[in-house]
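Q: Have a look at this one before I ask anything.
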Amino acid sequence: MKSYDHKAIEKKWQKKWSDTALYKTREDEGKEKYFIMDMFPYPSGDGLHVGHPKGYIATDVYARFKSMSGCNVLHPMGWDAFGLPAENYAIKNKVHPEIAVKKNVARFKEQLEKIGFNYDWDREINTTDPEFYKWTQWAFVKMFERGLAFESHEPINWCPSCKTGLANEDLEGNVCERCGTVVEKKPMRQWVLKITEYADRLLEDLEDLPWSESVKEMQRNWIGRSEGASVTFAVKDSDKKIEVFTTRPDTLFGATYMVLAPEHAFVSDFLEVVTNRKEVEVYIEQTAKKTEIERTAEGKEKTGVVLDGVYAVNPVNNEEIPVYLADYVLATYGTGAIMAVPAHDERDFAFAKKFNLPIRQVVVPCADDSNNPPQEGFTEVKRDTVIVHLKDKETGKYALLDWHGTLEGITTAIMGGIEEGQTPEEAVLAEIEEEAALAGVTIIKKLEWITAARYCASHKKENRLAIAHVFLAEVDSVKNQGEIPEDEAKKHTLVWVDESEVLERLIPDHQKQVWSLLQRDEALPGYGFLMNSGKFDGLTVEEAKEKVTKHAGGKLTTQYRLQDWVFSRQRYWGEPIPIIHCEKCGPVAVPEEDLPVILPDVESYEPTGTGESPLANIEGWVNTTCPTCGAPGKRETNTMPQWAGSSWYYLRYIDPKNDKELVDKKKEQYWSPVDMYVGGMEHATRHLIYSRFWHKVLYDIGAVSYIEPFQKLYTVGLIQAEDGRKMSKRWGNVINPDDVIDNVGADTLRVYEMFMGPFVQAIAWSTDHMTGARRFLEKVYGIKEKVSDDGEMNELVLHQTIQKVARDVQDFSFNTAISQLMIHTNDMEKRTSVGTEEYKTFLKLLAPFAPHLTEELWSELGGTDSIHLEEWPVCDESILAAATVTVAVQVNGKTRGTFEAAPDTEDSELVKKAKEVDGVKPHLAGKEVVREIVVKGRMVSLVVK
RNA sequence: GCCCGGGUGGCGGAACUGGUAUACGCGCACGACUUAAAAUCGUGUCCCUCACGGGAUGCGGGUUCGAUUCCCGCCCCGGGCACCA
């Protein structure tokens with residue numbers, strides 16, 4: 001299916017364009033500015049990601065459109081080509097990182113030019129350029145001076161294969177992202193950035209960003225803010241104290257034991273005191289050996305050991321409770337210690353069951369009956385009641401009551417009040433006797449919780465709070481069922497239903513809840529009011545939180561899941577951390593005038609294997625003098641992670657050659673923030689949080705003028721293999737873009753990738769569907785034959801297309817933009833001739849999508865300059881406004897016909913016309929029109945009786 | 001388990017702010033051209049019905065003159081976090 005020679009055309013124009021940027025970065029007066037960025041590498045194999053150029057094509061289309069629309073466009077290339085892939089390549093092929101980067105960039109450029117990507121390459125920067133990383137080091141020094149960068153000796157992840165330390169972002173689960181080896185824990189000195197200090201701002205400023213909800217939500221989860229209280233427990237016969245964090249201070253009275261993280265430092269304080277020291281030490285050792293995978297692979301099965309002889313004192317009631325070590329408590333979150341409330345926490349519940357610890361309910365789950373809600377101003381009355389689910393052993397069915405009269409519509413289990421002097425069990429048997437006339441009943445389970453419901457007894461002007469004791473009972477057979485008394489039968493009908501239907505038949509929420517609790521063996525949900533809590537009984541959970549905290553002498557606090565950012569690597573590669581260690585002064589920042597600290601030449605830049613950076617072996621580099629006191633000092637040999645440069649590189653693109661400051665303030669104010677950032681979902685929680693943090697630090701030190709770096713953010717949907725799986729060399733299902741370009745051309749590839757579906761959505765590649773894109777371009781090419789100056793014009797379709805393509809490209813809805821271009825093409829194809837002006841305008845609209853073909857046709861039509869430097873066509877709104885509209889007519893909500901009308905037709909005239917439409921008349925015959933609704937330019941809706 | 005996103009023909013998908021559901025493309029069927037095939041062009045293509053008409057946007061209910069769109073309950077798929085107290 002070859003009707004135009006894509007190879008010749010594409011080659012010709014790529015050559016002509018090679019030294020012309022099709023959208024040069026400009027700062028022309030009076031033009032709108034646009035700063036567009038993407039982060040995807042396109043080249044595949046050899047250490048780079050296997051991928052498709054969808055992201056780049058999209059930003060390219062967008063940039064061309066903006067440029068043609070008269071905007072100043074800044075569109076630099078992404079970052080990944082210079083980062084981790086290059087490093088991997090360097091290590092694997094034993095070449096210097098700088099060479100690896102150069103190779104990658106050259107290749108990157110070549111591949112992008114193949115798909116018609118062509119712009120101002122002079123702005124590019126990369127990590128090996130000291131002029132660039134000087135400013136990364138500069139920012140680090142500023143952080144150090146503000147206490148935001150500090151040293152720490154926490155255990156870190158160690159990859160035994162790469163022989164290097166890894167931060168969380170280098171891991172997938174607990175597996176090294178680069179080599180797939182399971183990592184170990186190893187204590188090591190690290191530089192850490194205090195990102196937690198920015199947690200609240202990172203969270204709050206998220207609100208106003210026009211990002212997709214899912215990315216925002218991921219960041220919120222990642223930061224993981226939770227509000228609660230910190231409470232201190234004294235230790236019996238000791239001056240030690242244990243502080244815990246809890247989100248449920250309202251359940252303090254339910255704490256029946258305490259748990260410490262086994263790896264937590266303060267555990268050793270207790271070793272002297274415990275009477276089972278051996279056992280405790282064994283457990284600590286076992287936990288340390290377990291990898292994180294083992295810990296989670298064991299599921300939620302709880303393990304732990306008691307600290308015999310150690311008791312904590314609950315500050316709310318001075319109760320002495322045992323203390324355990326268990327690995328379900330993490331040393332890294334909160335204080336590394338918890339109070340355990342088994343009645344109201346899943347994990348504590350599971351642990352308590354396994355270790356036979358007491359479970360004390362302190363919150364009664366209480367639901368307001370939505371069918372019969374409590375009324376304002378009624379007297380509050382409390383009743384003790386029983387609810388019993390009765391099972392017929394023979395059939396397996398359960399007894400339910402369908403209520404009549406005032407309770408019509410309600411279906412419940414058998415229930416009733418507990419009379420004076422009755423036990424709940426006696427009440428159960430009595431109710432079954434009364435309501436079901438059954439004897440020979442056995443109670444088989446009593447729910448360990450009590451529950452409650454509030455409802456309104458309107459006839460007595462009472463709000464009732466029913467405290468319910470819940471039971472499960474069985475009857476051998478219903479054969480000897482007696483006569484149900486008349487007064488009971490009047491109130492309700494007894495029905496027997498299958499177990500699977502019980503839940504859906506039960507009507508007030510409380511009844512459903514009771515059934516669910518009876519089925520499950522779980523901790524209780526987190527709403528209701530307090531019990532077993534002394535003077536706080538009866539308060540709601542919300543009311544109690546602050547009051548109980550105060551009573552316990554604790555304070556309300558906030559915790560985050562987000563941890564500080566481990567910012568050092570033991571590698572050659574990367575920006576050296578600009579610190580000098582002096583024996584007298586400690587760690588001292590390298591003065592600004594001595595920046596950048598440049599990587600020395602080195603024979604082997606592979607990891608040393610000892611955990612130290614290869615730089616540590618270069619004595620001439622390591623030994624220096626302290627900038628403060630002049631005494632001998634040693635340089636920091638750790639280097640920064642790849643995230644360092646990528647956290648702010650977008651700012652450097654604005655002003656890549658500046659040697660005076662990070663970025664010129666005026667230029668920064670002009671171009672910032674990035675208007676459109678396109679990347680992958682994998683950046684949602686790491687790169688995008690790190691950049692936001694870095695940017696906010698720069699804002700705080702006055703280097704930039706906006707609090708957020710990126711405005712619109714689009715995450716590109718993955719192109720899956722034709723079989724619906726991920727493209728992977730392992731599966732052999734990879735579609736190589738280079739082959740596609742060879743077969744059908746770069747233009748077809750571009751059109752197809754933009755047309756295949758919504759930009760953000762993951763879609764499977766389909767070579768079949770791609771033929772549609774090729775056919776479309778062939779039609780466009782074919783129409784050229786009938787183009788003439790006096791050819792036929794369809795202004796309406798043309799201007800509709802101008803409008804829709806502009807709007808859709810703006811919204812990144814490339815698929816619908818192309819759809820409209822196809823509609824226009826089909827329209828031109830049906831005509832015998834096409835006017836030159838219309839065709840030329842159409843080509844301009846198509847140009848961003850199919851740059852080579854449109855450039856060729858443009859020049860054939862006499863264009864001397866590039867079509868990509870033309871101006872974007874302007875939509876003539878008056879043509880659209882003057883077009884007649886099709887008005888639909890609905891009768892009682894059903895469409896019965898349509899008619900054509902001028903857009904400015906009066907409402908009354910539209911109604912009159914609507915009533916005369918053929919398909920409508922029979923539906924009006926003999927009926928009265930009671931309502932007429934007119935939606936201008938769209939429809940008339942008639943309601944008849 | 002918790003949170004987020006989604007469910008529309010045989011397939012990819014479209015539908016402005018509640019206003020003619022199924023645009024555009026792929027596929028399929030029939031026809032034209034051809035000795036023939038491919039390519040191309042034309043016509044048709046949600047389901048039931050000869051028709052009138054009726055029914056369909058995961059399922060059930062609600063609000064509305066009118067619901068893919070809003071509300072309530074459920075099912076399924078995708079993704080994120082996950083012993084985070």
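Residues in the structure tokens are numbered from 1 in each chain, the chains being A, B, ... in the order shown, and ligands are numbered from 1 in the order shown.
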Show me, as a list of chain:residue names, the residues of chain B whose atoms get within 8 Å of chain A, using only C-alpha atoms (C1' of nucleotides) for the distance check.
A: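 Therefore, the residues near the partner are B:C3, B:C4, B:G5, B:G12, B:G13, B:A14, B:G19, B:U20, B:C24, B:G25, B:C26, B:A39, B:C65, B:G66, B:G80, B:C81, B:C83, B:C84, B:A85.
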Q: Excluding G7 in chain B and residues on its chain fewer than 5 positions from it, collect all residues at most 10 Å away from it, counting only C-alpha atoms (C1' of nucleotides), and give them as an mmCIF file with N, CA, C and O atoms (P, O5', C5', C4', C3', O3' and C1' of nucleotides), in the first residue's frame.
A:
```cif
data_model
loop_
_atom_site.group_PDB
_atom_site.id
_atom_site.type_symbol
_atom_site.label_atom_id
_atom_site.label_comp_id
_atom_site.auth_asym_id
_atom_site.auth_seq_id
_atom_site.Cartn_x
_atom_site.Cartn_y
_atom_site.Cartn_z
ATOM 1 P P U B 57 -27.731 1.075 29.126
ATOM 2 O "O5'" U B 57 -26.363 1.331 28.360
ATOM 3 C "C5'" U B 57 -25.430 0.275 28.184
ATOM 4 C "C4'" U B 57 -24.033 0.835 28.167
ATOM 5 C "C3'" U B 57 -23.604 1.466 29.490
ATOM 6 O "O3'" U B 57 -22.236 1.157 29.720
ATOM 7 C "C1'" U B 57 -23.417 3.053 27.768
ATOM 8 P P G B 58 -21.706 1.095 31.220
ATOM 9 O "O5'" G B 58 -22.087 -0.382 31.664
ATOM 10 C "C5'" G B 58 -21.623 -1.516 30.905
ATOM 11 C "C4'" G B 58 -21.706 -2.734 31.766
ATOM 12 C "C3'" G B 58 -22.946 -2.813 32.649
ATOM 13 O "O3'" G B 58 -24.050 -3.363 31.950
ATOM 14 C "C1'" G B 58 -21.022 -3.230 33.956
ATOM 15 P P C B 76 -16.277 -8.843 42.249
ATOM 16 O "O5'" C B 76 -15.730 -8.426 40.806
ATOM 17 C "C5'" C B 76 -15.889 -9.298 39.687
ATOM 18 C "C4'" C B 76 -15.551 -8.556 38.413
ATOM 19 C "C3'" C B 76 -14.146 -7.980 38.334
ATOM 20 O "O3'" C B 76 -13.185 -8.948 37.985
ATOM 21 C "C1'" C B 76 -15.688 -6.341 37.630
ATOM 22 P P C B 77 -11.658 -8.757 38.457
ATOM 23 O "O5'" C B 77 -11.116 -7.642 37.456
ATOM 24 C "C5'" C B 77 -10.898 -7.942 36.073
ATOM 25 C "C4'" C B 77 -10.520 -6.674 35.341
ATOM 26 C "C3'" C B 77 -9.246 -5.999 35.816
ATOM 27 O "O3'" C B 77 -8.088 -6.619 35.306
ATOM 28 C "C1'" C B 77 -10.931 -4.373 35.559
#
```
Q: Near range 875-883 of chain A, within 8 Å and counting only C-alpha atoms (C1' of nucleotides), which residues show up once chain neighbours fewer than 2 positions away are dropped, as a PDB file with N, CA and C atoms, in the first residue's frame?
A:
```
ATOM      1  N   GLU A 795     -16.223  26.349   3.470  1.00  0.00           N
ATOM      2  CA  GLU A 795     -15.747  27.190   4.565  1.00  0.00           C
ATOM      3  C   GLU A 795     -16.173  26.672   5.927  1.00  0.00           C
ATOM      4  N   LEU A 796     -17.386  26.115   5.969  1.00  0.00           N
ATOM      5  CA  LEU A 796     -17.917  25.681   7.255  1.00  0.00           C
ATOM      6  C   LEU A 796     -17.044  24.577   7.853  1.00  0.00           C
ATOM      7  N   HIS A 799     -13.551  25.845   8.847  1.00  0.00           N
ATOM      8  CA  HIS A 799     -13.448  26.604  10.093  1.00  0.00           C
ATOM      9  C   HIS A 799     -13.791  25.780  11.323  1.00  0.00           C
ATOM     10  N   GLN A 800     -14.670  24.799  11.135  1.00  0.00           N
ATOM     11  CA  GLN A 800     -14.910  23.868  12.238  1.00  0.00           C
ATOM     12  C   GLN A 800     -13.612  23.144  12.582  1.00  0.00           C
ATOM     13  N   ILE A 802     -10.466  24.153  11.931  1.00  0.00           N
ATOM     14  CA  ILE A 802      -9.503  25.071  12.551  1.00  0.00           C
ATOM     15  C   ILE A 802      -9.770  25.175  14.048  1.00  0.00           C
ATOM     16  N   GLN A 803     -11.058  25.352  14.369  1.00  0.00           N
ATOM     17  CA  GLN A 803     -11.420  25.543  15.761  1.00  0.00           C
ATOM     18  C   GLN A 803     -11.142  24.284  16.591  1.00  0.00           C
ATOM     19  N   PRO A 873      -3.693  28.996  11.355  1.00  0.00           N
ATOM     20  CA  PRO A 873      -4.912  29.600  10.804  1.00  0.00           C
ATOM     21  C   PRO A 873      -5.861  30.078  11.913  1.00  0.00           C
ATOM     22  N   VAL A 885     -28.444  25.074  12.182  1.00  0.00           N
ATOM     23  CA  VAL A 885     -28.244  24.003  13.159  1.00  0.00           C
ATOM     24  C   VAL A 885     -29.366  22.983  13.044  1.00  0.00           C
ATOM     25  N   ALA A 902     -32.237  28.308  11.479  1.00  0.00           N
ATOM     26  CA  ALA A 902     -31.169  29.298  11.606  1.00  0.00           C
ATOM     27  C   ALA A 902     -30.796  29.406  13.083  1.00  0.00           C
ATOM     28  N   PRO A 903     -29.530  29.697  13.372  1.00  0.00           N
ATOM     29  CA  PRO A 903     -29.083  29.673  14.776  1.00  0.00           C
ATOM     30  C   PRO A 903     -29.761  30.706  15.655  1.00  0.00           C
TER      31      PRO A 903
END
```
Q: Quick check for you: according to DSSP on this backbone, which residues of range 122-215 of chain A are classed as strand (DSSP E or B)? Reply as a ChimeraX atom specification.
A: /A:149-152,155-159,164-166,171-172,175-176,182,184-187,190-193
Q: Could you jot down the CA of Trp515 in chain A to CA of His389 in chain A separation for me, Å, one decimal place?
A: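 Computing it gives 8.1 Å between the two atoms.
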Q: Contacts of C46 in chain B at 8 Å or less, counting only C-alpha atoms (C1' of nucleotides), minus same-chain residues fewer than 3 places along, as a PyMOL selection string?
A: chain B and resi 9+22+56
Q: Please run DSSP on the backbone and report, as a list in words, all residues within range 632-670 of chain A that come out as alpha helix (DSSP H).
A: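 Going through range 632-670 of chain A, the alpha helix (DSSP H) residues come out as Trp643, Ala644, Gly645, Ser646, Tyr649, Tyr650, Leu651, Arg652, Tyr653, Ile654, Lys665, Lys666, Lys667, Glu668, Gln669 and Tyr670 of chain A.
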Q: CA of Pro641 in chain A and CA of Ile719 in chain A are how many Å apart?
A: 29.0 Å
Q: Excluding same-chain residues fewer than 3 positions from U43 in chain B, what lies within 12 Å of it counting only C-alpha atoms (C1' of nucleotides), as a ChimeraX atom specification?
A: /B:29-32
Q: Store the residues picked out above, limited to N, CA and C atoms (P, O5', C5', C4', C3', O3' and C1' of nucleotides), as a PDB file, in the first residue's frame.
A:
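Once written, out19.pdb looks like this:
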```
ATOM      1  P     A B  29     -16.110 -10.633   4.952  1.00  0.00           P
ATOM      2  O5'   A B  29     -17.570 -10.127   4.563  1.00  0.00           O
ATOM      3  C5'   A B  29     -18.721 -10.786   5.084  1.00  0.00           C
ATOM      4  C4'   A B  29     -19.970 -10.065   4.622  1.00  0.00           C
ATOM      5  C3'   A B  29     -20.020  -9.774   3.121  1.00  0.00           C
ATOM      6  O3'   A B  29     -20.470 -10.891   2.391  1.00  0.00           O
ATOM      7  C1'   A B  29     -20.592  -7.829   4.329  1.00  0.00           C
ATOM      8  P     C B  30     -19.919 -11.120   0.896  1.00  0.00           P
ATOM      9  O5'   C B  30     -20.717 -10.032   0.044  1.00  0.00           O
ATOM     10  C5'   C B  30     -22.125 -10.151  -0.141  1.00  0.00           C
ATOM     11  C4'   C B  30     -22.689  -8.851  -0.665  1.00  0.00           C
ATOM     12  C3'   C B  30     -22.106  -8.353  -1.981  1.00  0.00           C
ATOM     13  O3'   C B  30     -22.623  -9.026  -3.115  1.00  0.00           O
ATOM     14  C1'   C B  30     -22.231  -6.560  -0.463  1.00  0.00           C
ATOM     15  P     G B  31     -21.686  -9.203  -4.406  1.00  0.00           P
ATOM     16  O5'   G B  31     -21.648  -7.725  -5.000  1.00  0.00           O
ATOM     17  C5'   G B  31     -22.815  -7.155  -5.601  1.00  0.00           C
ATOM     18  C4'   G B  31     -22.577  -5.703  -5.891  1.00  0.00           C
ATOM     19  C3'   G B  31     -21.467  -5.390  -6.897  1.00  0.00           C
ATOM     20  O3'   G B  31     -21.870  -5.592  -8.246  1.00  0.00           O
ATOM     21  C1'   G B  31     -21.311  -3.930  -5.051  1.00  0.00           C
ATOM     22  P     A B  32     -20.786  -5.937  -9.386  1.00  0.00           P
ATOM     23  O5'   A B  32     -20.026  -4.541  -9.527  1.00  0.00           O
ATOM     24  C5'   A B  32     -20.667  -3.425 -10.133  1.00  0.00           C
ATOM     25  C4'   A B  32     -19.704  -2.261 -10.211  1.00  0.00           C
ATOM     26  C3'   A B  32     -18.413  -2.534 -10.976  1.00  0.00           C
ATOM     27  O3'   A B  32     -18.597  -2.400 -12.370  1.00  0.00           O
ATOM     28  C1'   A B  32     -17.920  -1.440  -8.931  1.00  0.00           C
TER      29        A B  32
END
```
Q: Env of Gly680 in chain A: 9 Å cut, atoms = only C-alpha atoms (C1' of nucleotides), seq-sep filter 3 positions within chain, self excluded. Answer as a count of residues only.
A: 10
Q: Which residues, written as a PDB file with N, CA, C and O atoms, in the first residue's frame, have at least one atom at most 12 Å from Gln422 in chain A, with only C-alpha atoms (C1' of nucleotides) counted and residues fewer than 6 positions away on the same chain left out?
A:
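Output file result.pdb follows:
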```
ATOM      1  N   ASP A 384     -31.617  -1.765  76.669  1.00  0.00           N
ATOM      2  CA  ASP A 384     -30.773  -2.910  76.388  1.00  0.00           C
ATOM      3  C   ASP A 384     -31.577  -3.902  75.567  1.00  0.00           C
ATOM      4  O   ASP A 384     -32.712  -4.221  75.913  1.00  0.00           O
ATOM      5  N   THR A 385     -30.986  -4.367  74.481  1.00  0.00           N
ATOM      6  CA  THR A 385     -31.741  -5.259  73.597  1.00  0.00           C
ATOM      7  C   THR A 385     -30.885  -6.454  73.183  1.00  0.00           C
ATOM      8  O   THR A 385     -29.673  -6.448  73.369  1.00  0.00           O
ATOM      9  N   VAL A 386     -31.546  -7.433  72.603  1.00  0.00           N
ATOM     10  CA  VAL A 386     -30.821  -8.547  71.986  1.00  0.00           C
ATOM     11  C   VAL A 386     -31.203  -8.659  70.517  1.00  0.00           C
ATOM     12  O   VAL A 386     -32.326  -8.341  70.128  1.00  0.00           O
ATOM     13  N   VAL A 428     -32.867 -13.840  74.719  1.00  0.00           N
ATOM     14  CA  VAL A 428     -32.810 -14.429  73.376  1.00  0.00           C
ATOM     15  C   VAL A 428     -33.829 -15.554  73.257  1.00  0.00           C
ATOM     16  O   VAL A 428     -34.645 -15.587  72.323  1.00  0.00           O
ATOM     17  N   LEU A 429     -33.789 -16.470  74.214  1.00  0.00           N
ATOM     18  CA  LEU A 429     -34.693 -17.616  74.152  1.00  0.00           C
ATOM     19  C   LEU A 429     -36.153 -17.166  74.234  1.00  0.00           C
ATOM     20  O   LEU A 429     -37.016 -17.666  73.513  1.00  0.00           O
ATOM     21  N   ALA A 430     -36.390 -16.166  75.066  1.00  0.00           N
ATOM     22  CA  ALA A 430     -37.763 -15.669  75.216  1.00  0.00           C
ATOM     23  C   ALA A 430     -38.269 -15.048  73.919  1.00  0.00           C
ATOM     24  O   ALA A 430     -39.404 -15.288  73.498  1.00  0.00           O
ATOM     25  N   GLU A 431     -37.404 -14.272  73.260  1.00  0.00           N
ATOM     26  CA  GLU A 431     -37.829 -13.620  72.013  1.00  0.00           C
ATOM     27  C   GLU A 431     -38.117 -14.649  70.928  1.00  0.00           C
ATOM     28  O   GLU A 431     -39.074 -14.515  70.160  1.00  0.00           O
TER      29      GLU A 431
END
```
Q: Mind pulling up the distance from CA of Ser500 in chain A to CA of Ala473 in chain A?
A: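 Answer for the CA of Ala473 in chain A to CA of Ser500 in chain A separation: 17.3 Å.
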